[in-house]
$ cat upload-v7.txt   # compact mmCIF, C-alpha atoms
# COMPACT_ATOMS: atom_id res chain seq x y z
CA ASP A 1 -8.10 -0.47 4.49
CA ALA A 2 -6.25 -2.86 2.25
CA LYS A 3 -5.70 -6.30 3.74
CA THR A 4 -2.34 -6.76 2.04
CA THR A 5 1.22 -5.51 2.44
CA GLN A 6 3.60 -5.09 -0.49
CA PRO A 7 7.06 -3.55 -0.90
CA PRO A 8 6.77 -0.07 -2.43
CA SER A 9 9.19 -0.74 -5.27
CA MET A 10 11.34 -3.41 -6.91
CA ASP A 11 13.81 -3.65 -9.78
CA CYS A 12 14.27 -6.56 -12.15
CA ALA A 13 16.58 -7.06 -15.12
CA GLU A 14 14.95 -7.57 -18.49
CA GLY A 15 14.67 -11.26 -19.37
CA ARG A 16 14.86 -12.40 -15.77
CA ALA A 17 11.98 -13.62 -13.62
CA ALA A 18 10.28 -10.93 -11.55
CA ASN A 19 9.05 -12.18 -8.18
CA LEU A 20 6.63 -9.84 -6.43
CA PRO A 21 5.77 -10.70 -2.82
CA CYS A 22 2.54 -9.98 -0.98
CA ASN A 23 1.67 -10.48 2.67
CA HIS A 24 -1.94 -11.18 3.61
CA SER A 25 -1.58 -12.65 7.09
CA THR A 26 -5.22 -11.99 8.09
CA ILE A 27 -6.74 -13.74 5.07
CA SER A 28 -9.70 -15.97 5.86
CA GLY A 29 -10.36 -19.39 4.40
CA ASN A 30 -12.80 -18.30 1.70
CA GLU A 31 -11.01 -15.18 0.49
CA TYR A 32 -9.27 -15.12 -2.87
CA VAL A 33 -5.96 -13.46 -3.75
CA TYR A 34 -6.11 -11.28 -6.86
CA TRP A 35 -3.34 -9.51 -8.73
CA TYR A 36 -3.76 -6.50 -10.99
CA ARG A 37 -1.24 -4.21 -12.62
CA GLN A 38 -1.46 -0.62 -13.78
CA ILE A 39 0.69 0.68 -16.57
CA HIS A 40 1.17 4.43 -16.70
CA SER A 41 -1.94 6.33 -17.89
CA GLN A 42 -4.04 3.18 -18.11
CA GLY A 43 -6.62 1.53 -15.90
CA PRO A 44 -5.67 -1.50 -13.80
CA GLN A 45 -5.44 -4.77 -15.71
CA TYR A 46 -6.36 -8.15 -14.24
CA ILE A 47 -3.46 -10.63 -14.12
CA ILE A 48 -4.42 -13.71 -12.12
CA HIS A 49 -6.23 -14.93 -9.01
CA GLY A 50 -6.21 -17.97 -6.73
CA LEU A 51 -7.58 -19.50 -3.54
CA LYS A 52 -5.26 -22.26 -2.35
CA ASN A 53 -3.50 -23.87 -5.26
CA ASN A 54 -0.82 -22.35 -7.38
CA GLU A 55 -2.14 -20.88 -10.61
CA THR A 56 -0.58 -20.15 -13.98
CA ASN A 57 -1.84 -18.37 -17.06
CA GLU A 58 -0.30 -16.78 -20.13
CA MET A 59 0.75 -13.71 -18.17
CA ALA A 60 2.08 -14.99 -14.86
CA SER A 61 2.18 -17.57 -12.11
CA LEU A 62 0.76 -17.20 -8.63
CA ILE A 63 2.33 -19.09 -5.76
CA ILE A 64 0.33 -19.14 -2.51
CA THR A 65 1.97 -20.48 0.65
CA GLU A 66 0.39 -23.43 2.39
CA ASP A 67 -0.83 -21.30 5.30
CA ARG A 68 -2.14 -18.76 2.73
CA LYS A 69 -0.59 -15.87 4.64
CA SER A 70 1.53 -14.76 1.72
CA SER A 71 1.84 -15.13 -2.02
CA THR A 72 4.23 -14.37 -4.85
CA LEU A 73 3.43 -13.24 -8.35
CA ILE A 74 5.99 -14.44 -10.86
CA LEU A 75 6.53 -12.88 -14.28
CA PRO A 76 8.76 -15.55 -15.85
CA HIS A 77 10.62 -13.44 -18.43
CA ALA A 78 10.18 -9.78 -17.65
CA THR A 79 10.16 -7.27 -20.49
CA LEU A 80 10.23 -3.47 -20.46
CA ARG A 81 6.45 -3.52 -21.04
CA ASP A 82 6.04 -5.14 -17.61
CA THR A 83 7.08 -1.88 -15.93
CA ALA A 84 3.98 -1.00 -13.90
CA VAL A 85 2.46 -0.80 -10.43
CA TYR A 86 1.35 -4.25 -9.25
CA TYR A 87 -1.52 -4.58 -6.79
CA CYS A 88 -2.20 -7.61 -4.60
CA ILE A 89 -5.79 -7.73 -3.34
CA VAL A 90 -7.77 -10.02 -1.05
CA ARG A 91 -11.38 -10.44 -2.08
CA GLY A 92 -14.17 -11.99 -0.02
CA PRO A 93 -16.81 -14.39 -1.30
CA THR A 94 -20.02 -12.68 -0.20
CA ASN A 95 -21.73 -9.53 -1.35
CA ARG A 96 -20.78 -7.85 1.89
CA ASP A 97 -17.12 -8.79 1.46
CA ASP A 98 -16.92 -8.28 -2.27
CA LYS A 99 -14.96 -5.09 -2.13
CA ILE A 100 -11.88 -4.73 -4.22
CA ILE A 101 -9.74 -2.46 -2.06
CA PHE A 102 -6.45 -1.36 -3.55
CA GLY A 103 -3.38 -0.55 -1.49
CA LYS A 104 -0.41 1.39 -2.87
CA GLY A 105 1.01 -1.63 -4.67
CA THR A 106 4.58 -2.36 -5.78
CA ARG A 107 6.16 -0.22 -8.47
CA LEU A 108 8.16 -2.65 -10.63
CA HIS A 109 10.97 -1.24 -12.75
CA ILE A 110 12.31 -3.49 -15.50
CA LEU A 111 15.89 -2.54 -16.24
CA PRO A 112 17.30 -2.94 -19.78
CA GLU B 1 -14.75 -8.05 -26.91
CA ALA B 2 -14.83 -4.28 -26.64
CA GLY B 3 -13.45 -2.92 -23.38
CA VAL B 4 -14.91 -0.46 -20.88
CA ALA B 5 -15.35 2.91 -22.56
CA GLN B 6 -15.00 6.18 -20.67
CA SER B 7 -15.29 9.78 -21.72
CA PRO B 8 -13.99 12.37 -21.69
CA ARG B 9 -10.36 11.35 -21.39
CA TYR B 10 -9.35 14.66 -19.82
CA LYS B 11 -11.26 17.49 -18.18
CA ILE B 12 -10.12 20.78 -16.69
CA ILE B 13 -12.57 22.87 -14.67
CA GLU B 14 -12.48 25.61 -12.09
CA LYS B 15 -13.47 24.97 -8.49
CA ARG B 16 -17.19 25.24 -7.79
CA GLN B 17 -18.04 24.20 -11.35
CA SER B 18 -19.80 20.94 -12.12
CA VAL B 19 -18.56 18.03 -14.22
CA ALA B 20 -19.89 14.69 -15.43
CA PHE B 21 -18.13 11.51 -16.52
CA TRP B 22 -19.63 8.77 -18.64
CA CYS B 23 -18.96 5.03 -18.64
CA ASN B 24 -20.09 2.25 -20.94
CA PRO B 25 -19.28 -1.18 -19.48
CA ILE B 26 -18.53 -4.39 -21.33
CA SER B 27 -21.69 -5.83 -22.86
CA GLY B 28 -23.40 -8.25 -20.48
CA HIS B 29 -21.57 -7.08 -17.38
CA ALA B 30 -24.11 -6.47 -14.64
CA THR B 31 -21.75 -5.02 -12.02
CA LEU B 32 -20.28 -1.55 -12.46
CA TYR B 33 -17.82 0.32 -10.26
CA TRP B 34 -16.54 3.88 -10.05
CA TYR B 35 -13.11 4.43 -8.49
CA GLN B 36 -11.19 7.60 -7.70
CA GLN B 37 -7.40 7.49 -8.02
CA ILE B 38 -5.38 10.35 -6.59
CA LEU B 39 -1.82 10.68 -7.87
CA GLY B 40 0.51 8.21 -6.16
CA GLN B 41 -2.25 6.18 -4.53
CA GLY B 42 -4.21 3.06 -5.39
CA PRO B 43 -7.78 3.38 -6.71
CA LYS B 44 -10.45 4.04 -4.08
CA LEU B 45 -13.95 2.65 -4.54
CA LEU B 46 -16.64 5.33 -4.72
CA ILE B 47 -19.73 3.35 -5.70
CA GLN B 48 -20.74 -0.10 -6.90
CA PHE B 49 -23.87 -0.91 -8.95
CA GLN B 50 -25.54 -4.25 -9.50
CA ASN B 51 -27.65 -3.72 -12.63
CA ASN B 52 -29.27 -0.35 -11.86
CA GLY B 53 -29.24 -0.74 -8.07
CA VAL B 54 -26.59 0.60 -5.70
CA VAL B 55 -24.70 -2.12 -3.76
CA ASP B 56 -22.20 0.10 -1.95
CA ASP B 57 -21.83 3.87 -1.89
CA SER B 58 -20.33 4.17 1.57
CA GLN B 59 -17.31 6.13 0.35
CA LEU B 60 -19.11 8.44 -2.03
CA PRO B 61 -19.14 12.07 -0.79
CA LYS B 62 -22.84 12.44 -1.28
CA ASP B 63 -22.93 16.17 -0.62
CA ARG B 64 -21.19 16.76 -3.95
CA PHE B 65 -20.93 13.45 -5.82
CA SER B 66 -23.79 11.57 -7.46
CA ALA B 67 -23.95 8.59 -9.76
CA GLU B 68 -26.62 6.81 -11.68
CA ARG B 69 -26.94 3.79 -13.90
CA LEU B 70 -30.16 4.06 -15.82
CA LYS B 71 -31.40 0.85 -17.47
CA GLY B 72 -28.52 -1.04 -15.90
CA VAL B 73 -26.04 -0.32 -18.67
CA ASP B 74 -24.29 3.07 -19.03
CA SER B 75 -23.42 5.10 -15.98
CA THR B 76 -22.63 8.72 -15.21
CA LEU B 77 -20.72 10.15 -12.26
CA LYS B 78 -21.26 13.82 -11.43
CA ILE B 79 -19.45 16.26 -9.17
CA GLN B 80 -21.20 19.47 -8.17
CA PRO B 81 -19.58 21.68 -7.01
CA ALA B 82 -16.00 20.56 -7.58
CA LYS B 83 -13.22 21.20 -5.08
CA LEU B 84 -9.47 21.31 -5.63
CA GLU B 85 -9.07 17.98 -3.83
CA ASP B 86 -11.29 16.29 -6.43
CA SER B 87 -8.39 16.41 -8.90
CA ALA B 88 -7.82 12.75 -9.71
CA VAL B 89 -8.36 10.04 -12.29
CA TYR B 90 -11.88 8.60 -12.23
CA LEU B 91 -11.92 4.96 -13.26
CA CYS B 92 -14.90 2.90 -14.28
CA ALA B 93 -14.83 -0.90 -14.11
CA SER B 94 -17.28 -3.70 -14.82
CA SER B 95 -17.55 -7.41 -14.10
CA PHE B 96 -19.82 -10.27 -15.10
CA PHE B 97 -22.06 -10.81 -12.08
CA GLN B 98 -22.96 -14.43 -12.62
CA HIS B 99 -19.34 -15.36 -12.24
CA ARG B 100 -18.98 -14.34 -8.64
CA TYR B 101 -15.21 -14.29 -8.79
CA SER B 102 -14.88 -12.82 -12.21
CA PRO B 103 -12.23 -10.13 -12.46
CA LEU B 104 -12.88 -6.45 -12.92
CA HIS B 105 -12.22 -4.87 -16.30
CA PHE B 106 -11.20 -1.23 -16.11
CA GLY B 107 -11.45 1.63 -18.54
CA ASN B 108 -8.53 4.04 -18.96
CA GLY B 109 -10.21 6.66 -16.85
CA THR B 110 -10.97 10.38 -16.98
CA ARG B 111 -8.26 12.67 -15.65
CA LEU B 112 -9.89 15.60 -13.85
CA THR B 113 -7.96 18.75 -12.97
CA VAL B 114 -9.69 21.31 -10.77
CA THR B 115 -8.05 24.76 -10.74

$ encode --input "upload-v7.txt" --output "structure tokens"
Amino acid sequence: DAKTTQPPSMDCAEGRAANLPCNHSTISGNEYVYWYRQIHSQGPQYIIHGLKNNETNEMASLIITEDRKSSTLILPHATLRDTAVYYCIVRGPTNRDDKIIFGKGTRLHILP
Amino acid sequence: EAGVAQSPRYKIIEKRQSVAFWCNPISGHATLYWYQQILGQGPKLLIQFQNNGVVDDSQLPKDRFSAERLKGVDSTLKIQPAKLEDSAVYLCASSFFQHRYSPLHFGNGTRLTVT
């Protein structure tokens, strides 16, 4: 079973920041948080990952709470092309734990 | 770099027939995964290879599904015989093993319809 909980859907106006929450209250100290997204008829696409510190790349920012029990993916200026299903995943550090288990994700609708 | 290649893109078969899917991972990626994605759900891991060895096949229905990765590069996933409930998108992904936390790169999948 997936170790994360996400809202099933969200709306965001084009040009605004999209903030996607994820709960991972059972995360252990050496597990990473990964985000992927899946645009219709395509395979999932890697966005970003982090352990403790906030991370930023050209696609998004990842904010992880101090207790690491939740995180937020931020798309700073959402466009219509960001409409997709977003998956938050917890991934362990060892071979035994290295399973990327997808939940149902959050379906993000960008509104024009 | 070239992405993960999968073929065919679409396949329609009748139940009890057999089908095979092919995957070519990104060059240099030692780890290869096959996922099954049923409509409306997240991808479900079927099997994971490290080079040409199986790391995890705990969720592969071995009575009808088989997979191989000869020479540690390309991989094929076979279903024989197919059932109606096998209708899904079959996704292949690869990652660079030496970077333990390297992300997975997915192909666009093969959409299988069993009638």

$ axis_aligned_box --input "upload-v7.txt" --around "stretch 45-56 of chain B" --padding-each-side "6 Å" --output "AutoDock Vina command-line options"
--center_x -21.6 --center_y 0.5 --center_z -7.3 --size_x 27.3 --size_y 21.6 --size_z 22.7

$ interface_residues --input "upload-v7.txt" --of "chain B" --to "chain A" --cutoff "12 Å" --atoms "only C-alpha atoms" --output "PDB file with C-alpha atoms, in the coordinates of the input"
ATOM      1  CA  GLY B   3     -13.450  -2.920 -23.380  1.00  0.00           C
ATOM      2  CA  VAL B   4     -14.910  -0.460 -20.880  1.00  0.00           C
ATOM      3  CA  ALA B   5     -15.350   2.910 -22.560  1.00  0.00           C
ATOM      4  CA  GLN B   6     -15.000   6.180 -20.670  1.00  0.00           C
ATOM      5  CA  ARG B   9     -10.360  11.350 -21.390  1.00  0.00           C
ATOM      6  CA  TYR B  10      -9.350  14.660 -19.820  1.00  0.00           C
ATOM      7  CA  THR B  31     -21.750  -5.020 -12.020  1.00  0.00           C
ATOM      8  CA  TYR B  33     -17.820   0.320 -10.260  1.00  0.00           C
ATOM      9  CA  TRP B  34     -16.540   3.880 -10.050  1.00  0.00           C
ATOM     10  CA  TYR B  35     -13.110   4.430  -8.490  1.00  0.00           C
ATOM     11  CA  GLN B  36     -11.190   7.600  -7.700  1.00  0.00           C
ATOM     12  CA  GLN B  37      -7.400   7.490  -8.020  1.00  0.00           C
ATOM     13  CA  ILE B  38      -5.380  10.350  -6.590  1.00  0.00           C
ATOM     14  CA  LEU B  39      -1.820  10.680  -7.870  1.00  0.00           C
ATOM     15  CA  GLY B  40       0.510   8.210  -6.160  1.00  0.00           C
ATOM     16  CA  GLN B  41      -2.250   6.180  -4.530  1.00  0.00           C
ATOM     17  CA  GLY B  42      -4.210   3.060  -5.390  1.00  0.00           C
ATOM     18  CA  PRO B  43      -7.780   3.380  -6.710  1.00  0.00           C
ATOM     19  CA  LYS B  44     -10.450   4.040  -4.080  1.00  0.00           C
ATOM     20  CA  LEU B  45     -13.950   2.650  -4.540  1.00  0.00           C
ATOM     21  CA  LEU B  46     -16.640   5.330  -4.720  1.00  0.00           C
ATOM     22  CA  ILE B  47     -19.730   3.350  -5.700  1.00  0.00           C
ATOM     23  CA  GLN B  48     -20.740  -0.100  -6.900  1.00  0.00           C
ATOM     24  CA  PHE B  49     -23.870  -0.910  -8.950  1.00  0.00           C
ATOM     25  CA  GLN B  50     -25.540  -4.250  -9.500  1.00  0.00           C
ATOM     26  CA  VAL B  55     -24.700  -2.120  -3.760  1.00  0.00           C
ATOM     27  CA  ASP B  56     -22.200   0.100  -1.950  1.00  0.00           C
ATOM     28  CA  ASP B  57     -21.830   3.870  -1.890  1.00  0.00           C
ATOM     29  CA  SER B  58     -20.330   4.170   1.570  1.00  0.00           C
ATOM     30  CA  GLN B  59     -17.310   6.130   0.350  1.00  0.00           C
ATOM     31  CA  ALA B  88      -7.820  12.750  -9.710  1.00  0.00           C
ATOM     32  CA  VAL B  89      -8.360  10.040 -12.290  1.00  0.00           C
ATOM     33  CA  TYR B  90     -11.880   8.600 -12.230  1.00  0.00           C
ATOM     34  CA  LEU B  91     -11.920   4.960 -13.260  1.00  0.00           C
ATOM     35  CA  CYS B  92     -14.900   2.900 -14.280  1.00  0.00           C
ATOM     36  CA  ALA B  93     -14.830  -0.900 -14.110  1.00  0.00           C
ATOM     37  CA  SER B  94     -17.280  -3.700 -14.820  1.00  0.00           C
ATOM     38  CA  SER B  95     -17.550  -7.410 -14.100  1.00  0.00           C
ATOM     39  CA  PHE B  97     -22.060 -10.810 -12.080  1.00  0.00           C
ATOM     40  CA  HIS B  99     -19.340 -15.360 -12.240  1.00  0.00           C
ATOM     41  CA  ARG B 100     -18.980 -14.340  -8.640  1.00  0.00           C
ATOM     42  CA  TYR B 101     -15.210 -14.290  -8.790  1.00  0.00           C
ATOM     43  CA  SER B 102     -14.880 -12.820 -12.210  1.00  0.00           C
ATOM     44  CA  PRO B 103     -12.230 -10.130 -12.460  1.00  0.00           C
ATOM     45  CA  LEU B 104     -12.880  -6.450 -12.920  1.00  0.00           C
ATOM     46  CA  HIS B 105     -12.220  -4.870 -16.300  1.00  0.00           C
ATOM     47  CA  PHE B 106     -11.200  -1.230 -16.110  1.00  0.00           C
ATOM     48  CA  GLY B 107     -11.450   1.630 -18.540  1.00  0.00           C
ATOM     49  CA  ASN B 108      -8.530   4.040 -18.960  1.00  0.00           C
ATOM     50  CA  GLY B 109     -10.210   6.660 -16.850  1.00  0.00           C
ATOM     51  CA  THR B 110     -10.970  10.380 -16.980  1.00  0.00           C
ATOM     52  CA  ARG B 111      -8.260  12.670 -15.650  1.00  0.00           C
TER      53      ARG B 111
END

$ residues_around --input "upload-v7.txt" --residues "A:Leu75" --least-positions-apart "2" --cutoff "8 Å" --atoms "all atoms listed in the file" --output "list in words"
Ala17, Ala18, Asn19, Met59, Ala60, Ser61, Leu73, His77 and Ala78 of chain A

$ write_last_selection --input "upload-v7.txt" --atoms "C-alpha atoms" --output "JSON list (two decimals), in the coordinates of the input"
[["chain", "number", "residue", "atom", "x", "y", "z"],
["A", 17, "ALA", "CA", 11.98, -13.62, -13.62],
["A", 18, "ALA", "CA", 10.28, -10.93, -11.55],
["A", 19, "ASN", "CA", 9.05, -12.18, -8.18],
["A", 59, "MET", "CA", 0.75, -13.71, -18.17],
["A", 60, "ALA", "CA", 2.08, -14.99, -14.86],
["A", 61, "SER", "CA", 2.18, -17.57, -12.11],
["A", 73, "LEU", "CA", 3.43, -13.24, -8.35],
["A", 77, "HIS", "CA", 10.62, -13.44, -18.43],
["A", 78, "ALA", "CA", 10.18, -9.78, -17.65]]

$ atom_distance --input "upload-v7.txt" --atom1 "atom CA of A:Gly29" --atom2 "atom CA of A:Lys3"
13.9 Å

$ atom_distance --input "upload-v7.txt" --atom1 "atom CA of A:Ile64" --atom2 "atom CA of A:Thr79"
23.7 Å

$ atom_distance --input "upload-v7.txt" --atom1 "atom CA of A:Ser9" --atom2 "atom CA of A:Leu62"
18.8 Å

$ residues_around --input "upload-v7.txt" --residues "A:Asp82" --least-positions-apart "2" --cutoff "8 Å" --atoms "all atoms listed in the file" --output "PyMOL selection string"
chain A and resi 39+78-80+84+108-110

$ residues_around --input "upload-v7.txt" --residues "B:Ser66" --least-positions-apart "2" --cutoff "8 Å" --atoms "all atoms listed in the file" --output "PyMOL selection string"
chain B and resi 60+62+64+68+77-79

$ residues_around --input "upload-v7.txt" --residues "A:Pro21" --least-positions-apart "3" --cutoff "7 Å" --atoms "all atoms listed in the file" --output "list in words"
Gln6, Ser71, Thr72 and Leu73 of chain A

$ residues_near_point --input "upload-v7.txt" --point "(-19.4, 2.0, -16.2)" --cutoff "6 Å" --atoms "only C-alpha atoms" --output "PyMOL selection string"
chain B and resi 23-25+32+74-75+92-93

$ residues_near_point --input "upload-v7.txt" --point "(-32.9, -5.0, -13.8)" --cutoff "8 Å" --atoms "only C-alpha atoms" --output "tab-separated table (two decimals) with C-alpha atoms, keeping the file's coordinate frame"
chain	number	residue	atom	x	y	z
B	51	ASN	CA	-27.65	-3.72	-12.63
B	52	ASN	CA	-29.27	-0.35	-11.86
B	71	LYS	CA	-31.40	0.85	-17.47
B	72	GLY	CA	-28.52	-1.04	-15.90

$ closest_residue --input "upload-v7.txt" --among "A:Glu31, A:Arg68, A:Glu14, A:Glu55" --to "A:Arg81" --atoms "all atoms listed in the file"
A:Glu14
